[in-house]
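To be precise, the following lines are entry_11.txt, and they hold compact mmCIF, C-alpha atoms.
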# COMPACT_ATOMS: atom_id res chain seq x y z
CA ARG S 1 0.00 0.00 0.00
CA GLU S 2 1.06 3.55 -0.72
CA ARG S 3 2.47 5.57 2.16
CA TRP S 4 0.36 8.48 3.34
CA SER S 5 3.48 10.55 3.92
CA THR S 6 4.50 10.05 0.28
CA ILE S 7 0.99 10.82 -0.92
CA LEU S 8 1.03 14.07 1.06
CA PHE S 9 4.47 14.92 -0.32
CA CYS S 10 3.26 14.42 -3.91
CA PHE S 11 0.18 16.55 -3.31
CA LEU S 12 2.22 19.36 -1.79
CA TRP S 13 4.76 19.12 -4.61
CA GLY S 14 2.01 19.49 -7.17
CA ALA S 15 0.38 22.33 -5.25
CA SER S 16 3.57 24.35 -4.77
CA LEU S 17 6.87 23.54 -6.48
CA ALA S 18 5.25 22.18 -9.63
CA VAL S 19 3.15 25.33 -9.99
CA ILE S 20 6.21 27.56 -9.58
CA ALA S 21 8.34 25.47 -11.95
CA ALA S 22 5.61 25.30 -14.60
CA LEU S 23 5.03 29.05 -14.41
CA PHE S 24 8.76 29.75 -14.70
CA LEU S 25 9.15 27.42 -17.68
CA GLU S 26 6.05 28.83 -19.34
CA ILE S 27 7.36 32.39 -19.02
CA ILE S 28 10.68 31.38 -20.58
CA LEU S 29 8.93 29.63 -23.48
CA ASP S 30 6.52 32.53 -23.94
CA ILE S 31 9.36 35.03 -24.20
CA SER S 32 11.35 32.80 -26.53
CA ILE S 33 8.48 32.08 -28.91
CA SER S 34 6.45 35.31 -28.79
CA ILE S 35 8.92 37.17 -31.02
CA SER S 36 7.93 34.87 -33.89
CA PHE S 37 4.25 35.85 -33.71
CA THR S 38 2.54 38.99 -34.95
CA SER S 39 -0.98 37.86 -34.05
CA ALA S 40 -1.84 37.98 -30.36
CA ASP S 41 -4.73 35.54 -30.87
CA ASP S 42 -2.49 32.95 -32.52
CA PHE S 43 0.08 33.25 -29.76
CA THR S 44 -2.60 32.92 -27.06
CA LEU S 45 -3.89 29.75 -28.71
CA LEU S 46 -0.35 28.36 -28.91
CA THR S 47 0.15 29.08 -25.22
CA VAL S 48 -3.10 27.36 -24.27
CA ILE S 49 -2.72 24.16 -26.29
CA LEU S 50 1.07 23.72 -26.42
CA ILE S 51 3.19 25.83 -24.08
CA ALA S 52 1.12 25.51 -20.90
CA PRO S 53 0.53 21.74 -21.25
CA PHE S 54 4.21 21.16 -22.03
CA ALA S 55 5.43 23.13 -19.02
CA GLU S 56 2.89 21.65 -16.61
CA GLU S 57 3.34 18.04 -17.71
CA ILE S 58 7.08 18.36 -17.17
CA ALA S 59 6.81 19.98 -13.73
CA LYS S 60 4.14 17.81 -12.09
CA PRO S 61 5.67 14.31 -12.43
CA MET S 62 9.07 15.55 -11.26
CA ALA S 63 7.79 14.68 -7.78
CA LEU S 64 8.44 11.03 -8.60
CA ARG S 65 12.11 11.72 -9.26
CA THR S 66 12.70 12.94 -5.72
CA LYS S 67 14.31 10.57 -3.23
CA THR S 68 11.22 10.69 -1.02
CA VAL S 69 8.95 9.29 -3.71
CA ARG S 70 11.43 7.19 -5.66
CA ARG S 71 12.06 4.86 -2.73
CA SER S 72 8.29 4.29 -2.49
CA LEU S 73 7.95 3.20 -6.12
CA GLN S 74 7.81 -0.53 -5.55
CA GLU S 75 4.96 -1.48 -7.90
CA LEU S 76 3.77 -0.18 -11.26
CA GLU S 77 0.53 1.19 -9.85
CA ASP S 78 2.54 3.36 -7.45
CA GLY S 79 3.55 5.55 -10.38
CA LEU S 80 -0.07 5.95 -11.45
CA ILE S 81 -1.22 6.83 -7.94
CA TYR S 82 1.59 9.18 -6.95
CA GLY S 83 1.45 10.86 -10.35
CA ALA S 84 -2.30 11.37 -10.03
CA VAL S 85 -1.88 12.84 -6.54
CA ALA S 86 0.75 15.31 -7.77
CA GLY S 87 -1.68 16.29 -10.52
CA LEU S 88 -4.46 16.82 -7.99
CA GLY S 89 -2.20 19.07 -5.94
CA PHE S 90 -1.44 21.15 -9.01
CA SER S 91 -5.14 21.35 -9.84
CA ALA S 92 -5.97 22.51 -6.31
CA THR S 93 -3.67 25.52 -6.56
CA GLU S 94 -4.73 26.26 -10.13
CA ASN S 95 -8.38 26.22 -9.08
CA LEU S 96 -7.62 28.70 -6.30
CA PHE S 97 -6.15 31.12 -8.83
CA TYR S 98 -9.06 30.68 -11.21
CA GLY S 99 -11.55 30.95 -8.36
CA TRP S 100 -10.11 34.29 -7.32
CA SER S 101 -10.50 35.63 -10.87
CA PHE S 102 -14.06 34.25 -11.12
CA LEU S 103 -15.23 36.13 -8.01
CA SER S 104 -15.68 39.32 -10.01
CA GLU S 105 -18.23 37.57 -12.25
CA GLY S 106 -20.83 37.20 -9.51
CA LEU S 107 -21.78 34.35 -7.19
CA THR S 108 -23.82 32.30 -9.68
CA VAL S 109 -21.16 32.43 -12.39
CA PHE S 110 -18.49 31.74 -9.79
CA ILE S 111 -20.24 28.56 -8.60
CA ILE S 112 -20.84 27.31 -12.15
CA LEU S 113 -17.31 27.99 -13.38
CA MET S 114 -15.67 26.60 -10.26
CA SER S 115 -17.78 23.45 -10.46
CA ILE S 116 -16.66 22.92 -14.04
CA ARG S 117 -13.04 23.72 -13.18
CA SER S 118 -13.06 21.44 -10.16
CA ILE S 119 -14.33 18.48 -12.15
CA GLY S 120 -12.53 18.98 -15.44
CA GLY S 121 -9.28 20.32 -14.03
CA CYS S 122 -8.94 17.61 -11.41
CA LEU S 123 -9.66 14.81 -13.86
CA LEU S 124 -7.27 16.29 -16.41
CA HIS S 125 -4.29 16.84 -14.13
CA ALA S 126 -4.72 13.59 -12.24
CA SER S 127 -5.02 11.41 -15.34
CA ALA S 128 -2.31 13.12 -17.40
CA THR S 129 0.31 13.09 -14.65
CA ALA S 130 -0.58 9.50 -13.77
CA LEU S 131 0.42 8.45 -17.29
CA THR S 132 3.88 10.00 -17.03
CA GLY S 133 4.23 8.62 -13.51
CA TYR S 134 3.46 5.15 -14.80
CA GLY S 135 6.04 5.47 -17.56
CA TYR S 136 8.71 6.65 -15.16
CA THR S 137 7.99 3.90 -12.63
CA LYS S 138 8.03 1.29 -15.36
CA SER S 139 11.48 2.42 -16.53
CA LEU S 140 12.70 2.50 -12.93
CA LEU S 141 11.46 -0.94 -11.88
CA PHE S 142 12.50 -2.65 -15.11
CA ASN S 143 15.82 -0.76 -15.12
CA THR S 144 15.38 0.55 -18.66
CA SER S 145 16.38 3.85 -20.23
CA ARG S 146 14.51 6.94 -19.02
CA ILE S 147 13.99 7.72 -22.70
CA ARG S 148 11.17 5.20 -22.55
CA VAL S 149 9.23 7.66 -20.40
CA ILE S 150 8.92 10.03 -23.37
CA PRO S 151 5.94 8.26 -25.06
CA TYR S 152 3.97 8.46 -21.80
CA PHE S 153 4.88 12.12 -21.39
CA LEU S 154 3.84 12.84 -24.98
CA LEU S 155 0.52 11.11 -24.38
CA ALA S 156 -0.05 13.21 -21.25
CA PHE S 157 0.97 16.33 -23.17
CA PHE S 158 -1.42 15.47 -26.01
CA ILE S 159 -4.37 14.84 -23.68
CA HIS S 160 -3.71 18.10 -21.84
CA GLY S 161 -3.41 20.07 -25.07
CA LEU S 162 -6.54 18.45 -26.51
CA TYR S 163 -8.53 19.27 -23.38
CA ASN S 164 -7.39 22.90 -23.45
CA PHE S 165 -8.21 23.14 -27.14
CA LEU S 166 -11.70 21.73 -26.67
CA VAL S 167 -12.63 24.00 -23.75
CA SER S 168 -11.48 27.05 -25.74
CA TRP S 169 -13.10 25.96 -29.04
CA GLU S 170 -16.09 28.25 -29.53
CA GLU S 171 -17.40 27.19 -32.94
CA PRO S 172 -19.45 24.12 -31.90
CA GLY S 173 -20.86 26.00 -28.92
CA VAL S 174 -19.73 26.20 -25.33
CA LEU S 175 -21.73 23.23 -24.06
CA MET S 176 -20.64 20.90 -26.84
CA SER S 177 -16.97 21.87 -26.56
CA LEU S 178 -17.02 21.56 -22.79
CA GLY S 179 -18.85 18.24 -22.99
CA ALA S 180 -16.26 16.86 -25.41
CA ALA S 181 -13.41 18.00 -23.15
CA LEU S 182 -14.98 16.41 -20.07
CA LEU S 183 -15.63 13.20 -22.00
CA VAL S 184 -11.95 12.97 -22.97
CA VAL S 185 -10.65 13.30 -19.41
CA TYR S 186 -13.39 11.03 -18.06
CA LEU S 187 -12.34 8.25 -20.41
CA VAL S 188 -8.66 8.71 -19.55
CA ILE S 189 -9.26 8.65 -15.79
CA LYS S 190 -11.39 5.52 -16.27
CA LEU S 191 -8.45 3.93 -18.07
CA VAL S 192 -6.09 4.94 -15.26
CA ARG S 193 -8.40 3.51 -12.59
CA TYR S 194 -8.78 0.27 -14.56
CA LYS S 195 -5.00 0.00 -14.89
CA ILE S 196 -4.51 0.55 -11.15
CA ARG S 197 -7.04 -2.15 -10.26
CA THR S 198 -5.59 -4.59 -12.78
CA LEU S 199 -2.01 -4.09 -11.61
CA ASP S 200 -3.09 -4.35 -7.98
CA MET S 201 -4.76 -7.71 -8.62
CA LEU S 202 -1.67 -8.95 -10.46
CA ASN S 203 0.61 -7.59 -7.70
CA LEU S 204 2.84 -5.86 -10.26
Please express what this file holds, its structure, as C-alpha cells.
Amino acid sequence: RERWSTILFCFLWGASLAVIAALFLEIILDISISISFTSADDFTLLTVILIAPFAEEIAKPMALRTKTVRRSLQELEDGLIYGAVAGLGFSATENLFYGWSFLSEGLTVFIILMSIRSIGGCLLHASATALTGYGYTKSLLFNTSRIRVIPYFLLAFFIHGLYNFLVSWEEPGVLMSLGAALLVVYLVIKLVRYKIRTLDMLNL
C-alpha cells in the first residue's frame, strides 16, 4: 500500500513547487516564442494548447524523481497513484487562482465555473500526470532507459493540449466543446483507474 506521507508529499509538490516550476518554464517559453508571432490571438492559442501543457506536464511528475517518492515506487501502480496525486495538488492551486479571478463575475457564475473547473481540471491533471508517472515507474522498476518515459509524457501532453483546445473551441458551442473535453478526461481517468485495479490484482 502507498504511504500516506508520500501521498502528502506528492500533493504538496504538485500544489507548490510544480506550480512555480511550470510558471517559470512557461514564461521562458513565452518570451522565446512570442517574437515569432505577430498575431496575439495565434500566440494565445499556442500558449493554451502547447506551451502551458508542455510546461505543466514536465513539472508535475518531477515529484516522482525525488528521493522521497522514488524509494516508495515498488509497484507499477505506485507511479499511477503518486502521479495522479501530484496532478491533484497542481489542480488545487490552479483552481484557487481561477476561483479568485471568477469572483468578479458574480456568485452564480463563480459557482458554475468553479464546479466545471473542479471536475474537469482535477480529472485532467490527475489522469495526465498519472500516465507519465506510470512510464517513469516502469522504466525505474525494469531498469530501462529513461527515454522510454517520453511516449507516456507525450501522451499526457497530447491529452492536456486536446482538453485545453476543446474548452477554448467556440465554434461548436460552449456546451458541446465543454462536454467533449470532459468526456476525454473522463475516459482517460477511467483507463487509469482500470489499470490501477488490474495491476493491484496482479501484484505488479
Original post:
Got a sec to check which residues sit within 7 Å of (-5.8, 14.8, -11.6), counting only C-alpha atoms, and write them as a ChimeraX atom specification?
Top reply: /S:84-85,87-88,91,121-128
Subject >> atom CA of Glu2 of chain S to atom CA of Thr137 of chain S, distance in Å rounded to a single decimal >> reply: 13.8 Å
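The spacing separating atom CA of Pro151 of chain S from atom CA of Leu76 of chain S amounts to 16.3 Å.
Residues within 12 Å of Thr68 of chain S, counting only C-alpha atoms and excluding same-chain residues fewer than 2 positions away, are Arg3, Trp4, Ser5, Thr6, Ile7, Leu8, Phe9, Cys10, Trp13, Met62, Ala63, Leu64, Arg65, Thr66, Arg70, Arg71, Ser72, Leu73 and Tyr82 of chain S.
Across S:Thr47, S:Leu162, S:Glu77, S:Leu103, the tightest approach to Leu202 of chain S is made by S:Glu77 when counting all atoms listed in the file.
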**OP:** Mind checking which residues fall within 6 Å of Ser177 of chain S, counting all atoms listed in the file, ignoring those fewer than 2 positions away in the same chain, and posting them as an MDAnalysis selection string?
**Re:** chainID S and resid 166:167 174:175 179:180
**OP:** Would you please work out which residue, of S:Leu12, S:Ala130, S:Leu113, S:Ile119, is nearest to Leu182 of chain S when using all atoms listed in the file?
**Re:**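 For Leu182 of chain S, the nearest of the given residues is S:Ile119.
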Need to verify the contact set: segment 16-24 of chain S, 9 Å, all atoms listed in the file, exclusion of same-chain residues closer than 3 positions in sequence. Can you return it as a compact mmCIF listing (two decimals) with C-alpha atoms, in the frame of the given file?
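Once written, result36.txt looks like this:
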# COMPACT_ATOMS: atom_id res chain seq x y z
CA PHE S 11 0.18 16.55 -3.31
CA LEU S 12 2.22 19.36 -1.79
CA TRP S 13 4.76 19.12 -4.61
CA ILE S 27 7.36 32.39 -19.02
CA ILE S 28 10.68 31.38 -20.58
CA LEU S 29 8.93 29.63 -23.48
CA ALA S 52 1.12 25.51 -20.90
CA PHE S 54 4.21 21.16 -22.03
CA ALA S 55 5.43 23.13 -19.02
CA GLU S 56 2.89 21.65 -16.61
CA GLU S 57 3.34 18.04 -17.71
CA ILE S 58 7.08 18.36 -17.17
CA ALA S 59 6.81 19.98 -13.73
CA LYS S 60 4.14 17.81 -12.09
CA PRO S 61 5.67 14.31 -12.43
CA MET S 62 9.07 15.55 -11.26
CA ALA S 63 7.79 14.68 -7.78
CA ALA S 86 0.75 15.31 -7.77
CA GLY S 89 -2.20 19.07 -5.94
CA PHE S 90 -1.44 21.15 -9.01
CA THR S 93 -3.67 25.52 -6.56
CA GLU S 94 -4.73 26.26 -10.13
Original post:
In Å to one decimal, how far is atom CA of Pro53 of chain S from atom CA of Val109 of chain S?
Top reply: 25.8 Å
Subject >> Which of S:Asn95, S:Leu178, S:Asp78, S:Ile189 sits closest to Leu141 of chain S [using only C-alpha atoms] >> reply: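 Ranking S:Asn95, S:Leu178, S:Asp78, S:Ile189 by distance to Leu141 of chain S, first place goes to S:Asp78.
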Original post:
With only C-alpha atoms as the atoms that count, which of S:Ile33, S:Leu25, S:Ile51, S:Leu80 lies nearest to Tyr152 of chain S?
Top reply: S:Leu80
